[in-house]
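Below: the structure, in structure tokens.
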Amino acid sequence: MSVKAKIGPSILNADLANLAAESQKLLDNGADYLHLDVMDGNFVPNLTFGHPMVKSLRNKIKTAFFETHMMVQNPEQWISPMADAGVNLYTFHIEPVADVCKVSRLVQEAGMKVGLAIKPGTKVEDLEKYISIADVVLVMTVEPGFGGQSFMADMMPKVEWLRQNYPNLDIEVDGGVGPKTIACCAKSGANMIVSGTAVVGATDQRQVIREMRDVVQSYLK
């Protein structure tokens, strides 16, 4: 299996007033990438930040891998600004998009990798026809846009189905994932782990990141 264990802290849980320093600290402590939650107040009820903040962060952090998780109604609108801001992986939800292939192609043409995300209520089979154009598939393990929710273990059959059918696919999980739920995700086949409070708020970020990565890696062997 060619997929690798990767831990991507969600910086939404960090001190947004000191975002560059907080992000650099996470990277110094072993984070493999940064997961940037972009919410438009429409597709989800919360409003977070947009491409100007991502670009400011990129100006301070030159080489780290940035994923934007676009919880937005019209992901096509933000492709060019996010590419200009230095985003590496543009992950958008398939639910509001009429032509997923077209949006994915535009993401690729802008020089970014394609991530396709599904909410808890979306069947994993709805992704099937798009897997060939996806670099990453994100299975939400909470309802996007709401903080402080509990991990939804009943999403794991989606991850298992993806891993069984696509052994070399990067499969990401996001929502309520931490040391207590990592084994469940890893056993099901997730290799890209988004973790918010469990990592960002840890007294020893390096240890939490290392331990979670080790658990994931142990199931990938």
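For the structure tokens, the naming scheme is as follows: chains receive sequential letters (A, B, ...) according to their order of presentation, residues are indexed from 1 within each chain, and ligands are indexed from 1 in presentation order.
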TODO: Identify, on the basis of only C-alpha atoms, every residue whose closest approach to Ala98 (chain A) does not exceed 12 Å; exclude the query and any residue fewer than 3 positions from it along the same chain; express the result as a ChimeraX atom specification.
DONE: /A:73-76,93-95,101-104
Task: All alpha helix (DSSP H) positions in region 58-171 of chain A, as JSON, numbers by chain - done: {"A": [58, 59, 60, 79, 80, 81, 82, 83, 84, 100, 101, 102, 103, 104, 105, 106, 107, 108, 109, 156, 157, 158, 159, 160, 161, 162, 163, 164, 165]}
- [ ] Rounded to one decimal place, report the CA of Gln108 (chain A)-CA of Asp32 (chain A) distance in Å.
- [x]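 Result for CA of Gln108 (chain A) versus CA of Asp32 (chain A): 21.7 Å, one decimal.
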TODO: Grab the CA of Met155 (chain A) to CA of Met112 (chain A) distance for me, in Å with one decimal place.
DONE: 27.3 Å
Task: Residue nearest Leu47 (chain A) - candidates A:Ile133, A:Met82, A:Ala186, A:Val72, atoms counted: only C-alpha atoms - done: A:Val72
- [ ] Pull the strand (DSSP E or B) assignments for region 19-114 of chain A out of DSSP run on the backbone, and list those residues as a list in words.
- [x] Leu34, His35, Leu36, Asp37, Val38, Met39, Asp40, Leu47, Phe66, Glu67, Thr68, His69, Met70, Met71, Leu89, Tyr90, Thr91, Phe92, His93, Lys113 and Val114 of chain A
Open item on the list: Under the rule that only C-alpha atoms are counted, which of A:Trp161, A:Tyr166, A:Tyr219, A:Phe43 is the nearest residue to Cys184 (chain A)?
Closed with: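 Closest to Cys184 (chain A), using only C-alpha atoms: A:Tyr219.
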Open item on the list: I'd like to know which of A:Asn191, A:Ser10, A:Thr48, A:Thr63 is closest to Lys221 (chain A), using only C-alpha atoms.
Closed with: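 Checking each of A:Asn191, A:Ser10, A:Thr48, A:Thr63 against Lys221 (chain A), counting only C-alpha atoms, the winner is A:Asn191.
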Open item on the list: Env of Ala117 (chain A): 7 Å cut, atoms = only C-alpha atoms, seq-sep filter 4 positions within chain, self excluded. Answer as a count of residues only.
Closed with: 7
Open item on the list: I'd like the neighbourhood of Ser80 (chain A) as a list in words, where a residue qualifies if any of its atoms comes within 7 Å (using only C-alpha atoms), though same-chain residues fewer than 3 positions away should be ignored.
Closed with: Ala83, Asp84 and Ala110 of chain A
TODO: Go through A:Lys113, A:His35, A:Arg213, A:Lys6 one by one, measure the shortest atom-to-atom distance of each to Ala183 (chain A) using only C-alpha atoms, and give the residue with the smallest value.
DONE: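 Among the listed residues, the smallest separation from Ala183 (chain A) belongs to A:Arg213.
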Task: For Ile131 (chain A): contacts at 12 Å, only C-alpha atoms, fewer than 2 positions along chain excluded, given as a ChimeraX atom specification - done: /A:94,100-101,104,114-117,124-129,133-138,162-163,165-171
Task: Nearby residues (only C-alpha atoms) at most 7 Å from Lys119 (chain A), same-chain spacing under 6 positions excluded, as an NGL selection string - done: :A and (139-140 or 143-144)
- [ ] Record the distance separating CA of Asp99 (chain A) and CA of Gln77 (chain A), expressed in Å with one decimal.
- [x] 13.4 Å
